[in-house]
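Visitor: What follows is the file coords.cif, containing mmCIF, N, CA and C atoms and all ligand atoms:
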data_query
#
loop_
_atom_site.label_atom_id
_atom_site.label_comp_id
_atom_site.auth_asym_id
_atom_site.auth_seq_id
_atom_site.Cartn_x
_atom_site.Cartn_y
_atom_site.Cartn_z
N MET L 1 -16.95 -29.56 28.29
CA MET L 1 -16.55 -28.20 28.64
C MET L 1 -17.58 -27.58 29.57
N GLY L 2 -17.11 -27.00 30.68
CA GLY L 2 -18.01 -26.38 31.64
C GLY L 2 -18.60 -25.10 31.07
N LYS L 3 -19.73 -24.71 31.64
CA LYS L 3 -20.39 -23.50 31.13
C LYS L 3 -19.54 -22.23 31.29
N PRO L 4 -18.89 -22.02 32.46
CA PRO L 4 -18.06 -20.80 32.60
C PRO L 4 -16.94 -20.75 31.56
N LEU L 5 -16.32 -21.89 31.31
CA LEU L 5 -15.23 -21.93 30.34
C LEU L 5 -15.75 -21.59 28.94
N PHE L 6 -16.93 -22.15 28.63
CA PHE L 6 -17.54 -21.89 27.32
C PHE L 6 -17.82 -20.39 27.15
N ILE L 7 -18.38 -19.79 28.19
CA ILE L 7 -18.68 -18.35 28.11
C ILE L 7 -17.39 -17.54 27.97
N PHE L 8 -16.37 -17.95 28.74
CA PHE L 8 -15.08 -17.24 28.67
C PHE L 8 -14.52 -17.31 27.25
N LEU L 9 -14.52 -18.50 26.66
CA LEU L 9 -13.93 -18.67 25.33
C LEU L 9 -14.73 -17.90 24.28
N THR L 10 -16.06 -17.93 24.39
CA THR L 10 -16.90 -17.22 23.43
C THR L 10 -16.61 -15.72 23.50
N THR L 11 -16.49 -15.21 24.72
CA THR L 11 -16.20 -13.79 24.91
C THR L 11 -14.85 -13.45 24.30
N LEU L 12 -13.86 -14.29 24.55
CA LEU L 12 -12.52 -14.07 24.03
C LEU L 12 -12.52 -14.00 22.49
N VAL L 13 -13.23 -14.95 21.89
CA VAL L 13 -13.29 -14.98 20.42
C VAL L 13 -13.94 -13.71 19.90
N CYS L 14 -14.99 -13.23 20.57
CA CYS L 14 -15.67 -12.00 20.13
C CYS L 14 -14.74 -10.81 20.25
N ILE L 15 -14.00 -10.73 21.34
CA ILE L 15 -13.08 -9.59 21.53
C ILE L 15 -12.03 -9.60 20.44
N ILE L 16 -11.47 -10.75 20.17
CA ILE L 16 -10.43 -10.84 19.13
C ILE L 16 -11.01 -10.43 17.77
N ALA L 17 -12.22 -10.87 17.48
CA ALA L 17 -12.85 -10.54 16.19
C ALA L 17 -13.06 -9.04 16.07
N VAL L 18 -13.51 -8.39 17.14
CA VAL L 18 -13.75 -6.95 17.11
C VAL L 18 -12.44 -6.20 16.92
N VAL L 19 -11.41 -6.58 17.67
CA VAL L 19 -10.10 -5.92 17.55
C VAL L 19 -9.55 -6.10 16.15
N ALA L 20 -9.67 -7.31 15.62
CA ALA L 20 -9.12 -7.58 14.29
C ALA L 20 -9.85 -6.77 13.22
N ALA L 21 -11.15 -6.57 13.39
CA ALA L 21 -11.92 -5.85 12.39
C ALA L 21 -11.62 -4.35 12.42
N LYS L 22 -11.25 -3.83 13.57
CA LYS L 22 -11.05 -2.39 13.73
C LYS L 22 -9.72 -1.90 13.21
N GLY L 23 -8.71 -2.72 13.17
CA GLY L 23 -7.40 -2.25 12.75
C GLY L 23 -6.37 -3.30 13.02
N CYS L 24 -5.12 -2.88 13.03
CA CYS L 24 -4.05 -3.83 13.19
C CYS L 24 -3.76 -3.98 14.67
N THR L 25 -3.71 -5.21 15.13
CA THR L 25 -3.55 -5.43 16.55
C THR L 25 -2.10 -5.28 17.00
N PHE L 26 -1.22 -5.97 16.32
CA PHE L 26 0.18 -5.98 16.79
C PHE L 26 1.14 -5.35 15.80
N SER L 27 0.62 -4.77 14.73
CA SER L 27 1.51 -4.20 13.73
C SER L 27 0.90 -2.92 13.18
N LYS L 28 1.63 -2.23 12.32
CA LYS L 28 1.13 -0.98 11.78
C LYS L 28 0.19 -1.21 10.62
N GLY L 29 -0.77 -0.29 10.45
CA GLY L 29 -1.64 -0.30 9.28
C GLY L 29 -1.08 0.65 8.24
N TRP L 30 -0.99 0.18 7.02
CA TRP L 30 -0.43 0.97 5.94
C TRP L 30 -1.49 1.22 4.88
N THR L 31 -1.36 2.36 4.21
CA THR L 31 -2.22 2.65 3.07
C THR L 31 -1.32 2.81 1.85
N ILE L 32 -1.73 2.25 0.75
CA ILE L 32 -1.01 2.45 -0.51
C ILE L 32 -1.95 3.18 -1.47
N ASN L 33 -1.43 4.23 -2.10
CA ASN L 33 -2.18 4.92 -3.17
C ASN L 33 -1.37 4.79 -4.45
N VAL L 34 -2.07 4.55 -5.54
CA VAL L 34 -1.45 4.63 -6.87
C VAL L 34 -2.34 5.54 -7.69
N ILE L 35 -1.81 6.66 -8.15
CA ILE L 35 -2.64 7.61 -8.90
C ILE L 35 -2.05 7.85 -10.29
N ASN L 36 -2.93 7.93 -11.27
CA ASN L 36 -2.49 8.22 -12.64
C ASN L 36 -2.56 9.73 -12.87
N ASN L 37 -1.41 10.33 -13.16
CA ASN L 37 -1.36 11.78 -13.39
C ASN L 37 -1.00 12.10 -14.84
N ILE L 38 -1.26 11.16 -15.74
CA ILE L 38 -0.98 11.42 -17.16
C ILE L 38 -2.23 12.00 -17.79
N ASN L 39 -2.09 13.23 -18.26
CA ASN L 39 -3.25 13.99 -18.72
C ASN L 39 -3.54 13.74 -20.20
N ASN L 40 -3.96 12.52 -20.52
CA ASN L 40 -4.44 12.25 -21.89
C ASN L 40 -5.45 11.12 -21.80
N ASN L 41 -5.88 10.65 -22.95
CA ASN L 41 -6.97 9.67 -22.93
C ASN L 41 -6.51 8.23 -22.76
N ASP L 42 -5.18 8.04 -22.76
CA ASP L 42 -4.70 6.67 -22.65
C ASP L 42 -4.71 6.22 -21.20
N LYS L 43 -5.43 5.18 -20.95
CA LYS L 43 -5.47 4.68 -19.57
C LYS L 43 -4.23 3.84 -19.28
N VAL L 44 -3.91 3.76 -18.01
CA VAL L 44 -2.80 2.91 -17.58
C VAL L 44 -3.41 1.73 -16.83
N GLN L 45 -2.97 0.54 -17.20
CA GLN L 45 -3.44 -0.68 -16.53
C GLN L 45 -2.51 -0.99 -15.36
N VAL L 46 -3.09 -1.24 -14.20
CA VAL L 46 -2.27 -1.50 -13.02
C VAL L 46 -2.77 -2.75 -12.32
N HIS L 47 -1.84 -3.65 -12.05
CA HIS L 47 -2.21 -4.89 -11.35
C HIS L 47 -1.30 -5.06 -10.14
N CYS L 48 -1.86 -4.88 -8.95
CA CYS L 48 -1.09 -4.96 -7.71
C CYS L 48 -1.47 -6.18 -6.91
N LYS L 49 -0.48 -6.78 -6.29
CA LYS L 49 -0.80 -7.90 -5.40
C LYS L 49 0.32 -8.19 -4.41
N SER L 50 -0.04 -8.97 -3.41
CA SER L 50 0.95 -9.51 -2.48
C SER L 50 0.83 -11.02 -2.57
N LYS L 51 1.54 -11.70 -1.70
CA LYS L 51 1.48 -13.17 -1.71
C LYS L 51 0.04 -13.64 -1.48
N ASP L 52 -0.68 -13.00 -0.55
CA ASP L 52 -2.02 -13.49 -0.25
C ASP L 52 -3.16 -12.56 -0.63
N ASN L 53 -2.88 -11.46 -1.26
CA ASN L 53 -3.97 -10.54 -1.59
C ASN L 53 -3.77 -9.98 -3.00
N ASP L 54 -4.77 -10.21 -3.85
CA ASP L 54 -4.69 -9.70 -5.22
C ASP L 54 -5.67 -8.54 -5.36
N ILE L 55 -5.13 -7.34 -5.63
CA ILE L 55 -5.99 -6.16 -5.76
C ILE L 55 -6.74 -6.20 -7.10
N GLY L 56 -6.23 -6.95 -8.05
CA GLY L 56 -6.89 -7.10 -9.35
C GLY L 56 -6.37 -6.11 -10.37
N MET L 57 -6.69 -6.36 -11.62
CA MET L 57 -6.26 -5.48 -12.71
C MET L 57 -7.21 -4.28 -12.77
N LYS L 58 -6.64 -3.06 -12.68
CA LYS L 58 -7.46 -1.84 -12.71
C LYS L 58 -7.01 -0.97 -13.87
N SER L 59 -7.95 -0.28 -14.44
CA SER L 59 -7.65 0.63 -15.55
C SER L 59 -7.83 2.05 -15.04
N LEU L 60 -6.74 2.83 -15.03
CA LEU L 60 -6.80 4.17 -14.44
C LEU L 60 -6.73 5.26 -15.52
N GLY L 61 -7.74 6.10 -15.58
CA GLY L 61 -7.72 7.31 -16.41
C GLY L 61 -7.04 8.43 -15.63
N PHE L 62 -7.03 9.62 -16.23
CA PHE L 62 -6.39 10.78 -15.60
C PHE L 62 -7.01 11.05 -14.22
N HIS L 63 -6.15 11.15 -13.23
CA HIS L 63 -6.53 11.44 -11.85
C HIS L 63 -7.34 10.34 -11.17
N GLU L 64 -7.38 9.17 -11.77
CA GLU L 64 -8.02 8.05 -11.07
C GLU L 64 -6.96 7.32 -10.26
N SER L 65 -7.40 6.71 -9.17
CA SER L 65 -6.42 6.06 -8.30
C SER L 65 -6.92 4.75 -7.73
N ILE L 66 -5.99 3.99 -7.20
CA ILE L 66 -6.31 2.78 -6.45
C ILE L 66 -5.78 3.01 -5.05
N ASN L 67 -6.52 2.61 -4.07
CA ASN L 67 -6.08 2.75 -2.67
C ASN L 67 -6.43 1.46 -1.95
N TRP L 68 -5.51 0.99 -1.15
CA TRP L 68 -5.85 -0.14 -0.29
C TRP L 68 -5.06 -0.07 1.00
N GLU L 69 -5.54 -0.79 1.98
CA GLU L 69 -4.92 -0.79 3.30
C GLU L 69 -4.61 -2.21 3.72
N PHE L 70 -3.61 -2.34 4.55
CA PHE L 70 -3.29 -3.67 5.07
C PHE L 70 -2.53 -3.53 6.37
N CYS L 71 -2.48 -4.61 7.11
CA CYS L 71 -1.66 -4.67 8.31
C CYS L 71 -0.40 -5.41 7.93
N GLU L 72 0.71 -4.90 8.41
CA GLU L 72 1.98 -5.55 8.09
C GLU L 72 2.05 -6.89 8.84
N ASN L 73 2.67 -7.87 8.21
CA ASN L 73 2.87 -9.15 8.91
C ASN L 73 3.61 -8.92 10.21
N ILE L 74 3.24 -9.68 11.23
CA ILE L 74 3.89 -9.49 12.53
C ILE L 74 5.29 -10.09 12.50
N VAL L 75 5.38 -11.26 11.87
CA VAL L 75 6.68 -11.93 11.80
C VAL L 75 7.46 -11.35 10.63
N GLY L 76 8.63 -11.00 10.85
CA GLY L 76 9.46 -10.43 9.77
C GLY L 76 9.88 -9.00 10.07
N PRO L 77 9.06 -7.97 9.89
CA PRO L 77 7.83 -7.97 9.09
C PRO L 77 8.18 -8.07 7.60
N SER L 78 7.42 -8.89 6.90
CA SER L 78 7.84 -9.27 5.55
C SER L 78 6.81 -8.96 4.47
N THR L 79 5.78 -8.16 4.81
CA THR L 79 4.76 -7.87 3.81
C THR L 79 5.38 -7.19 2.59
N LEU L 80 4.97 -7.61 1.43
CA LEU L 80 5.49 -7.06 0.19
C LEU L 80 4.34 -6.98 -0.82
N TYR L 81 4.11 -5.79 -1.36
CA TYR L 81 3.16 -5.63 -2.46
C TYR L 81 3.94 -5.20 -3.70
N PHE L 82 3.63 -5.77 -4.83
CA PHE L 82 4.24 -5.30 -6.07
C PHE L 82 3.15 -5.05 -7.10
N CYS L 83 3.44 -4.17 -8.05
CA CYS L 83 2.48 -3.86 -9.09
C CYS L 83 3.12 -3.99 -10.46
N HIS L 84 2.30 -4.35 -11.39
CA HIS L 84 2.66 -4.40 -12.80
C HIS L 84 1.91 -3.24 -13.46
N PHE L 85 2.64 -2.38 -14.17
CA PHE L 85 2.05 -1.20 -14.81
C PHE L 85 2.16 -1.36 -16.32
N TYR L 86 1.08 -1.13 -17.03
CA TYR L 86 1.09 -1.24 -18.50
C TYR L 86 0.59 0.07 -19.09
N LYS L 87 1.46 0.71 -19.90
CA LYS L 87 1.07 1.96 -20.57
C LYS L 87 1.42 1.79 -22.04
N GLY L 88 0.40 1.67 -22.89
CA GLY L 88 0.67 1.36 -24.30
C GLY L 88 1.50 0.09 -24.39
N ASN L 89 2.64 0.15 -25.07
CA ASN L 89 3.48 -1.05 -25.14
C ASN L 89 4.63 -1.01 -24.13
N GLN L 90 4.55 -0.09 -23.17
CA GLN L 90 5.59 -0.01 -22.14
C GLN L 90 5.06 -0.64 -20.86
N GLN L 91 5.97 -1.24 -20.13
CA GLN L 91 5.53 -1.79 -18.84
C GLN L 91 6.63 -1.74 -17.80
N LEU L 92 6.19 -1.78 -16.56
CA LEU L 92 7.10 -1.75 -15.42
C LEU L 92 6.55 -2.68 -14.35
N VAL L 93 7.43 -3.28 -13.60
CA VAL L 93 6.98 -4.05 -12.44
C VAL L 93 7.96 -3.79 -11.31
N PHE L 94 7.45 -3.48 -10.14
CA PHE L 94 8.32 -3.24 -8.98
C PHE L 94 7.51 -3.28 -7.69
N ASP L 95 8.23 -3.29 -6.57
CA ASP L 95 7.58 -3.29 -5.25
C ASP L 95 7.01 -1.91 -4.96
N VAL L 96 5.75 -1.83 -4.62
CA VAL L 96 5.20 -0.56 -4.14
C VAL L 96 5.26 -0.49 -2.62
N PHE L 97 5.42 -1.64 -1.99
CA PHE L 97 5.66 -1.64 -0.54
C PHE L 97 6.53 -2.83 -0.18
N ASN L 98 7.60 -2.54 0.51
CA ASN L 98 8.40 -3.59 1.15
C ASN L 98 9.04 -2.95 2.39
N HIS L 99 9.76 -3.74 3.13
CA HIS L 99 10.27 -3.25 4.41
C HIS L 99 11.12 -2.00 4.27
N SER L 100 11.91 -1.91 3.20
CA SER L 100 12.82 -0.77 3.08
C SER L 100 12.11 0.52 2.67
N MET L 101 10.83 0.44 2.25
CA MET L 101 10.08 1.64 1.88
C MET L 101 9.53 2.38 3.08
N ARG L 102 9.60 1.78 4.24
CA ARG L 102 8.89 2.34 5.40
C ARG L 102 9.23 3.80 5.68
N PRO L 103 10.52 4.22 5.67
CA PRO L 103 10.79 5.64 6.00
C PRO L 103 10.15 6.61 5.01
N LEU L 104 10.08 6.21 3.74
CA LEU L 104 9.48 7.10 2.73
C LEU L 104 7.98 7.26 2.92
N CYS L 105 7.38 6.32 3.59
CA CYS L 105 5.92 6.30 3.71
C CYS L 105 5.45 6.83 5.06
N HIS L 106 6.37 7.25 5.88
CA HIS L 106 5.99 7.71 7.21
C HIS L 106 5.70 9.20 7.15
N GLU L 107 4.48 9.56 7.40
CA GLU L 107 4.02 10.93 7.24
C GLU L 107 3.56 11.45 8.59
N GLN L 108 3.98 12.67 8.90
CA GLN L 108 3.61 13.21 10.20
C GLN L 108 3.10 14.63 10.01
N ASP L 109 1.97 14.95 10.62
CA ASP L 109 1.63 16.36 10.73
C ASP L 109 1.53 16.67 12.21
N ALA L 110 1.06 17.85 12.53
CA ALA L 110 1.10 18.29 13.92
C ALA L 110 0.45 17.30 14.88
N SER L 111 -0.66 16.72 14.45
CA SER L 111 -1.43 15.95 15.41
C SER L 111 -1.38 14.44 15.19
N LYS L 112 -0.96 14.01 14.02
CA LYS L 112 -1.16 12.60 13.71
C LYS L 112 -0.01 12.03 12.91
N GLU L 113 0.09 10.74 12.98
CA GLU L 113 1.05 10.03 12.14
C GLU L 113 0.28 9.15 11.18
N TYR L 114 0.77 9.08 9.95
CA TYR L 114 0.15 8.20 8.97
C TYR L 114 1.25 7.36 8.35
N TRP L 115 0.86 6.21 7.89
CA TRP L 115 1.78 5.37 7.14
C TRP L 115 1.14 5.15 5.78
N ARG L 116 1.67 5.86 4.80
CA ARG L 116 1.01 5.88 3.50
C ARG L 116 2.07 5.98 2.41
N CYS L 117 2.05 5.04 1.49
CA CYS L 117 2.96 5.09 0.35
C CYS L 117 2.16 5.56 -0.86
N SER L 118 2.57 6.68 -1.45
CA SER L 118 1.83 7.21 -2.60
C SER L 118 2.70 7.20 -3.84
N TRP L 119 2.20 6.54 -4.86
CA TRP L 119 2.89 6.43 -6.14
C TRP L 119 2.13 7.23 -7.18
N VAL L 120 2.88 7.99 -8.00
CA VAL L 120 2.26 8.86 -8.99
C VAL L 120 2.77 8.46 -10.38
N ILE L 121 1.84 8.09 -11.25
CA ILE L 121 2.20 7.69 -12.62
C ILE L 121 2.27 8.94 -13.48
N MET L 122 3.43 9.20 -14.08
CA MET L 122 3.62 10.36 -14.94
C MET L 122 3.99 9.86 -16.33
N SER L 123 4.05 10.79 -17.32
CA SER L 123 4.33 10.33 -18.68
C SER L 123 5.77 9.87 -18.86
N ASP L 124 6.70 10.34 -18.00
CA ASP L 124 8.10 9.92 -18.16
C ASP L 124 8.52 8.83 -17.16
N GLY L 125 7.64 8.44 -16.28
CA GLY L 125 8.02 7.41 -15.33
C GLY L 125 7.10 7.40 -14.13
N ILE L 126 7.50 6.69 -13.09
CA ILE L 126 6.66 6.57 -11.91
C ILE L 126 7.40 7.16 -10.70
N TYR L 127 6.73 8.04 -10.01
CA TYR L 127 7.30 8.81 -8.91
C TYR L 127 6.68 8.35 -7.60
N MET L 128 7.39 8.65 -6.53
CA MET L 128 6.85 8.38 -5.22
C MET L 128 6.86 9.67 -4.42
N ILE L 129 5.82 9.89 -3.65
CA ILE L 129 5.80 11.08 -2.80
C ILE L 129 6.64 10.77 -1.56
N ASP L 130 7.72 11.53 -1.41
CA ASP L 130 8.64 11.32 -0.29
C ASP L 130 8.24 12.25 0.85
N ARG L 131 7.86 11.64 1.96
CA ARG L 131 7.44 12.43 3.12
C ARG L 131 8.42 12.26 4.26
N SER L 132 9.61 11.73 3.95
CA SER L 132 10.50 11.35 5.05
C SER L 132 11.13 12.54 5.75
N ASN L 133 11.38 13.65 5.04
CA ASN L 133 11.86 14.81 5.78
C ASN L 133 11.42 16.11 5.13
N GLY L 134 10.91 17.00 5.96
CA GLY L 134 10.45 18.29 5.47
C GLY L 134 9.22 18.17 4.60
N PRO L 135 9.00 19.20 3.76
CA PRO L 135 7.81 19.20 2.92
C PRO L 135 7.87 18.07 1.90
N GLU L 136 6.74 17.51 1.57
CA GLU L 136 6.75 16.37 0.66
C GLU L 136 7.18 16.80 -0.74
N HIS L 137 7.86 15.90 -1.42
CA HIS L 137 8.28 16.16 -2.79
C HIS L 137 8.25 14.85 -3.55
N ASN L 138 8.16 14.96 -4.88
CA ASN L 138 8.09 13.75 -5.70
C ASN L 138 9.48 13.29 -6.09
N ASN L 139 9.75 12.03 -5.86
CA ASN L 139 11.01 11.43 -6.28
C ASN L 139 10.73 10.51 -7.46
N LYS L 140 11.49 10.68 -8.52
CA LYS L 140 11.33 9.74 -9.63
C LYS L 140 11.98 8.41 -9.25
N MET L 141 11.22 7.34 -9.32
CA MET L 141 11.74 6.04 -8.92
C MET L 141 12.02 5.13 -10.12
N TYR L 142 11.17 5.21 -11.13
CA TYR L 142 11.32 4.31 -12.29
C TYR L 142 10.97 5.05 -13.57
N SER L 143 11.71 4.80 -14.64
CA SER L 143 11.39 5.37 -15.96
C SER L 143 10.70 4.31 -16.81
N TRP L 144 9.76 4.75 -17.61
CA TRP L 144 9.13 3.83 -18.58
C TRP L 144 10.20 3.32 -19.52
N ASN L 145 10.13 2.06 -19.88
CA ASN L 145 11.14 1.57 -20.82
C ASN L 145 10.50 0.87 -22.01
C1 LIG W 1 11.84 -2.33 -2.16
O1 LIG W 1 11.13 -1.53 -3.05
C2 LIG W 1 11.90 -0.47 -3.59
C3 LIG W 1 10.96 0.39 -4.43
O2 LIG W 1 10.31 -0.32 -5.43
C4 LIG W 1 13.06 -1.04 -4.39
O3 LIG W 1 13.86 0.03 -4.86
C5 LIG W 1 13.89 -1.96 -3.53
O4 LIG W 1 14.87 -2.60 -4.30
C6 LIG W 1 13.01 -3.01 -2.85
N1 LIG W 1 13.79 -3.74 -1.86
C7 LIG W 1 13.99 -5.05 -1.94
C8 LIG W 1 14.76 -5.63 -0.82
O5 LIG W 1 13.56 -5.72 -2.86
#
In structure tokens, what does this structure look like?
Guide:
Amino acid sequence: MGKPLFIFLTTLVCIIAVVAAKGCTFSKGWTINVINNINNNDKVQVHCKSKDNDIGMKSLGFHESINWEFCENIVGPSTLYFCHFYKGNQQLVFDVFNHSMRPLCHEQDASKEYWRCSWVIMSDGIYMIDRSNGPEHNNKMYSWN
């Protein structure tokens, strides 16, 4: 390999590494929040993961939350995160992010756009903050069973 080619390739690799570290290159960056809003001493266990990323089992007390960010797969886009929720002897499992959730997670204010899915754990079920039109409001998505 000639020296100019080597320098060119090294530079290219560095540029790609910097772009990849700063954010999503060809797709949107999403944030997921899961917050426990049950005001008592019982913690809720939450285990979220996707095919290639395991957020791990977390124990959430009142007003504690888990937050993570990811770039959506370019192909598809097919990124899917699901969580398992354990409250006492009740449990739920469902997708916290999939392709069809995108409109609910699109948040806009005067100056900026955000892509953020926020889930709120309540004593009667799990709600999602709907930001798709007008002022945000909580939608009940799942009941504890
Ligand atoms: C996507 O997630 C939502 C919310 O959990 C769920 O209602 C819906 O069935 C999921 N869509 C698919 C295709 O699994």
Visitor: Show me, as a ChimeraX atom specification, the residues that have an atom within 8 Å of Glu64 of chain L when counting all atoms listed in the file, minus same-chain residues fewer than 6 positions from it.
Guide: /L:34-38
Visitor: Please, could you write that set of residues out with N, CA and C atoms as a compact mmCIF listing (two decimals), in the frame of the given file?
Guide:
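File selection25.txt, as written:
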# COMPACT_ATOMS: atom_id res chain seq x y z
N VAL L 34 -2.07 4.55 -5.54
CA VAL L 34 -1.45 4.63 -6.87
C VAL L 34 -2.34 5.54 -7.69
N ILE L 35 -1.81 6.66 -8.15
CA ILE L 35 -2.64 7.61 -8.90
C ILE L 35 -2.05 7.85 -10.29
N ASN L 36 -2.93 7.93 -11.27
CA ASN L 36 -2.49 8.22 -12.64
C ASN L 36 -2.56 9.73 -12.87
N ASN L 37 -1.41 10.33 -13.16
CA ASN L 37 -1.36 11.78 -13.39
C ASN L 37 -1.00 12.10 -14.84
N ILE L 38 -1.26 11.16 -15.74
CA ILE L 38 -0.98 11.42 -17.16
C ILE L 38 -2.23 12.00 -17.79
Visitor: Could you list, as a VMD selection string, all protein and nucleic acid residues with an atom at most 7 Å from ligand LIG 1 (chain W), counting only C-alpha atoms and all ligand atoms?
Guide: chain L and resid 94 to 101
Visitor: With a distance cut-off of 10 Å and only C-alpha atoms, select the neighbouring residues of Tyr142 of chain L, excluding the residue or stretch itself and same-chain residues fewer than 4 positions from it, and output the selection as a ChimeraX atom specification.
Guide: /L:92-94,121,124-128
Visitor: So, with only C-alpha atoms as the atoms that count, which of L:Leu12, L:Leu5, L:Cys48, L:Asn40 lies closest to Cys83 of chain L?
Guide: L:Cys48
Visitor: Would you mind telling me which residue in L:Cys24, L:Pro4, L:Leu9, L:Gly88 lies nearest to Lys43 of chain L when using all atoms listed in the file?
Guide: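 Closest residue, counting all atoms listed in the file: L:Gly88.
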Visitor: Would you mind telling me which residue in L:Asn73, L:Ser59, L:Ser78, L:Ser118 lies nearest to Thr31 of chain L when using only C-alpha atoms?
Guide: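 Checking each of L:Asn73, L:Ser59, L:Ser78, L:Ser118 against Thr31 of chain L, counting only C-alpha atoms, the winner is L:Ser118.
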Visitor: Can you list, as a count of residues only, all residues belonging to chain L that DSSP tags as helix (DSSP H, G or I)?
Guide: 27
Visitor: Do you know which residues are at most 8 Å from His47 of chain L counting only N, CA and C atoms, after dropping those on the same chain fewer than 3 positions away, and could you put them as a VMD selection string?
Guide: chain L and resid 44 50 54 to 59 82 to 86
Visitor: Calculated over only C-alpha atoms, which of the candidates L:Asn138, L:Thr11, L:Gln91, L:Ser143 has the smallest distance to Ser123 of chain L?
Guide: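 Checking each of L:Asn138, L:Thr11, L:Gln91, L:Ser143 against Ser123 of chain L, counting only C-alpha atoms, the winner is L:Ser143.
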Visitor: Atom C of Met122 of chain L to atom N of Gln90 of chain L: how many Å, to one decimal?
Guide: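 Atom-to-atom, atom C of Met122 of chain L to atom N of Gln90 of chain L, that is 12.1 Å.
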Visitor: Would you please extract all strand (DSSP E) residues from chain L, as assigned by DSSP on the backbone, and give them as a ChimeraX atom specification?
Guide: /L:29-36,44-49,54-60,65-71,81-87,90-97,106-108,113-122,125-130,137-143
Visitor: Return the single residue from L:Thr25, L:Ile66, L:Leu80, L:Asn39 that is closest to Asp52 of chain L, with distances computed using all atoms listed in the file.
Guide: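 Using all atoms listed in the file, Asp52 of chain L sits closest to L:Leu80.
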Visitor: Hey, which of L:Val46, L:Glu69, L:Asn41, L:Lys140 ends up closest to Tyr114 of chain L? Count only C-alpha atoms.
Guide: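 Ranking L:Val46, L:Glu69, L:Asn41, L:Lys140 by distance to Tyr114 of chain L, first place goes to L:Glu69.
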Visitor: How would you write as a ChimeraX atom specification the residues that get within 12 Å of (4.8, 8.2, 7.0) in the file's frame, counting only C-alpha atoms?
Guide: /L:28-32,101-109,112-118,129-134,136
Visitor: Atom CA of Asn53 of chain L to atom N of Asn67 of chain L: how many Å, to one decimal?
Guide: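 Straight-line distance from atom CA of Asn53 of chain L to atom N of Asn67 of chain L works out to 13.6 Å.
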